[in-house]
Amino acid sequence: MSGMTAYSIDLRERVVASVEGGECNIPEAARRYKVSEPSIERWVARKRKTGSCAPLPHAGGPARKLATAEAVIRAAVKAQPDATLQELCERVEKEAKIQSDPSMMYRELVRLKLPRKKSRSMPASGTRQV
């Protein structure tokens, strides 16, 4: 949930209690508590179904495709530290039979805290200060 946080359980319970207690309807509660109507509808439905209006746990997202190829990636970087991302992808595909693309490989290298060392024979990037 980058940038977003779940509403507190206290707020959820107050909103649901005021709707279920007949103090106000959903549109009035939305204006009073500055929460969207669909959110209140979900909270009320969840409270009726489960007895709690607490947020659901994080589902975890998709599994990392290259997680099982960690040993292959580490060995490839150790053997050839200046390999391009495309070369690493090709080596992983050849040895671990896992297809990947350079952006996926880059994210995996960051997760594994592996350096992206370049050969000294490569030209310097950027402009030099005089």
# chains A, B, ... in the order shown; residues from 1 in each chain; ligands from 1
>>> select_by_dssp(residues="chain A", states="alpha helix (DSSP H)", output="PyMOL selection string")
chain A and resi 9-20+26-33+37-50+70-79+85-96+102-111
>>> residues_around(residues="Glu70 (chain A)", least_positions_apart="2", cutoff="10 Å", atoms="only C-alpha atoms", output="list in words")
Leu66, Ala67, Thr68, Val72, Ile73, Arg74, Ala75, Ala76, Val92, Ala96, Glu108, Leu109 and Leu112 of chain A
>>> write_last_selection(atoms="N, CA, C and O atoms", output="short mmCIF file (atom, residue, chain, number, x, y, z; two decimals), in the first residue's frame")
data_model
loop_
_atom_site.label_atom_id
_atom_site.label_comp_id
_atom_site.auth_asym_id
_atom_site.auth_seq_id
_atom_site.Cartn_x
_atom_site.Cartn_y
_atom_site.Cartn_z
N LEU A 66 12.09 -15.12 -9.94
CA LEU A 66 13.52 -15.45 -9.91
C LEU A 66 14.01 -15.91 -8.54
O LEU A 66 15.21 -16.14 -8.36
N ALA A 67 13.12 -16.07 -7.57
CA ALA A 67 13.53 -16.46 -6.22
C ALA A 67 14.25 -17.81 -6.23
O ALA A 67 15.23 -18.01 -5.50
N THR A 68 13.80 -18.74 -7.04
CA THR A 68 14.41 -20.07 -7.07
C THR A 68 15.74 -20.08 -7.82
O THR A 68 16.48 -21.06 -7.74
N VAL A 72 21.99 -19.39 -8.99
CA VAL A 72 22.47 -19.19 -10.37
C VAL A 72 22.86 -17.73 -10.58
O VAL A 72 23.90 -17.43 -11.17
N ILE A 73 22.01 -16.81 -10.09
CA ILE A 73 22.28 -15.37 -10.25
C ILE A 73 23.56 -14.98 -9.51
O ILE A 73 24.41 -14.29 -10.05
N ARG A 74 23.68 -15.45 -8.27
CA ARG A 74 24.88 -15.13 -7.48
C ARG A 74 26.14 -15.66 -8.17
O ARG A 74 27.16 -14.97 -8.25
N ALA A 75 26.09 -16.88 -8.67
CA ALA A 75 27.24 -17.47 -9.35
C ALA A 75 27.57 -16.70 -10.63
O ALA A 75 28.75 -16.46 -10.93
N ALA A 76 26.55 -16.29 -11.37
CA ALA A 76 26.78 -15.55 -12.62
C ALA A 76 27.42 -14.20 -12.34
O ALA A 76 28.34 -13.78 -13.06
N VAL A 92 20.43 -17.24 -16.75
CA VAL A 92 19.41 -17.83 -15.87
C VAL A 92 18.46 -18.71 -16.67
O VAL A 92 18.06 -19.79 -16.23
N ALA A 96 18.66 -22.26 -15.27
CA ALA A 96 17.53 -22.51 -14.37
C ALA A 96 16.20 -22.68 -15.11
O ALA A 96 15.18 -22.94 -14.48
N GLU A 108 15.71 -8.14 -8.90
CA GLU A 108 16.23 -9.29 -8.14
C GLU A 108 17.64 -9.00 -7.64
O GLU A 108 17.98 -9.34 -6.50
N LEU A 109 18.47 -8.34 -8.46
CA LEU A 109 19.83 -7.98 -8.01
C LEU A 109 19.76 -7.02 -6.82
O LEU A 109 20.55 -7.13 -5.89
N LEU A 112 18.82 -9.00 -3.74
CA LEU A 112 19.94 -9.83 -3.30
C LEU A 112 21.16 -9.00 -2.88
O LEU A 112 22.17 -9.56 -2.49
#
>>> closest_atom_pairs(of="region 27-130 of chain A", to="region 1-19 of chain A", cutoff="12 Å", atoms="only C-alpha atoms", output="JSON lines")
{"residue": "A:Pro27", "atom": "CA", "partner": "A:Val19", "partner_atom": "CA", "distance": 9.7}
{"residue": "A:Glu28", "atom": "CA", "partner": "A:Val19", "partner_atom": "CA", "distance": 8.9}
{"residue": "A:Ala29", "atom": "CA", "partner": "A:Val15", "partner_atom": "CA", "distance": 6.5}
{"residue": "A:Ala30", "atom": "CA", "partner": "A:Val15", "partner_atom": "CA", "distance": 8.4}
{"residue": "A:Arg31", "atom": "CA", "partner": "A:Val15", "partner_atom": "CA", "distance": 10.9}
{"residue": "A:Arg32", "atom": "CA", "partner": "A:Val15", "partner_atom": "CA", "distance": 9.1}
{"residue": "A:Tyr33", "atom": "CA", "partner": "A:Val15", "partner_atom": "CA", "distance": 7.3}
{"residue": "A:Lys34", "atom": "CA", "partner": "A:Val15", "partner_atom": "CA", "distance": 10.2}
{"residue": "A:Val35", "atom": "CA", "partner": "A:Val15", "partner_atom": "CA", "distance": 9.1}
{"residue": "A:Ser36", "atom": "CA", "partner": "A:Val15", "partner_atom": "CA", "distance": 11.2}
{"residue": "A:Glu37", "atom": "CA", "partner": "A:Val15", "partner_atom": "CA", "distance": 10.8}
{"residue": "A:Ser39", "atom": "CA", "partner": "A:Arg12", "partner_atom": "CA", "distance": 9.3}
{"residue": "A:Ile40", "atom": "CA", "partner": "A:Val16", "partner_atom": "CA", "distance": 7.2}
{"residue": "A:Glu41", "atom": "CA", "partner": "A:Val16", "partner_atom": "CA", "distance": 8.9}
{"residue": "A:Arg42", "atom": "CA", "partner": "A:Val16", "partner_atom": "CA", "distance": 9.9}
{"residue": "A:Trp43", "atom": "CA", "partner": "A:Val16", "partner_atom": "CA", "distance": 6.8}
{"residue": "A:Val44", "atom": "CA", "partner": "A:Val16", "partner_atom": "CA", "distance": 5.7}
{"residue": "A:Ala45", "atom": "CA", "partner": "A:Val16", "partner_atom": "CA", "distance": 9.5}
{"residue": "A:Arg46", "atom": "CA", "partner": "A:Val16", "partner_atom": "CA", "distance": 10.0}
{"residue": "A:Lys47", "atom": "CA", "partner": "A:Val16", "partner_atom": "CA", "distance": 7.9}
{"residue": "A:Arg48", "atom": "CA", "partner": "A:Val16", "partner_atom": "CA", "distance": 10.0}
{"residue": "A:Gly51", "atom": "CA", "partner": "A:Glu13", "partner_atom": "CA", "distance": 10.8}
{"residue": "A:Ser52", "atom": "CA", "partner": "A:Glu13", "partner_atom": "CA", "distance": 8.4}
{"residue": "A:Cys53", "atom": "CA", "partner": "A:Arg12", "partner_atom": "CA", "distance": 6.4}
{"residue": "A:Ala54", "atom": "CA", "partner": "A:Ile9", "partner_atom": "CA", "distance": 5.6}
{"residue": "A:Pro55", "atom": "CA", "partner": "A:Ala6", "partner_atom": "CA", "distance": 7.0}
{"residue": "A:Leu56", "atom": "CA", "partner": "A:Ala6", "partner_atom": "CA", "distance": 9.6}
{"residue": "A:Pro57", "atom": "CA", "partner": "A:Ala6", "partner_atom": "CA", "distance": 10.6}
{"residue": "A:His58", "atom": "CA", "partner": "A:Met1", "partner_atom": "CA", "distance": 8.9}
{"residue": "A:Ala59", "atom": "CA", "partner": "A:Met1", "partner_atom": "CA", "distance": 11.0}
{"residue": "A:Gly60", "atom": "CA", "partner": "A:Met1", "partner_atom": "CA", "distance": 10.7}
{"residue": "A:Gly61", "atom": "CA", "partner": "A:Met1", "partner_atom": "CA", "distance": 10.8}
>>> closest_residue(among="A:Lys49, A:Arg116, A:Lys94, A:Arg111", to="Gln80 (chain A)", atoms="only C-alpha atoms")
A:Arg116
>>> closest_residue(among="A:Met105, A:Leu114, A:Ala69, A:Ile98", to="Thr84 (chain A)", atoms="only C-alpha atoms")
A:Met105
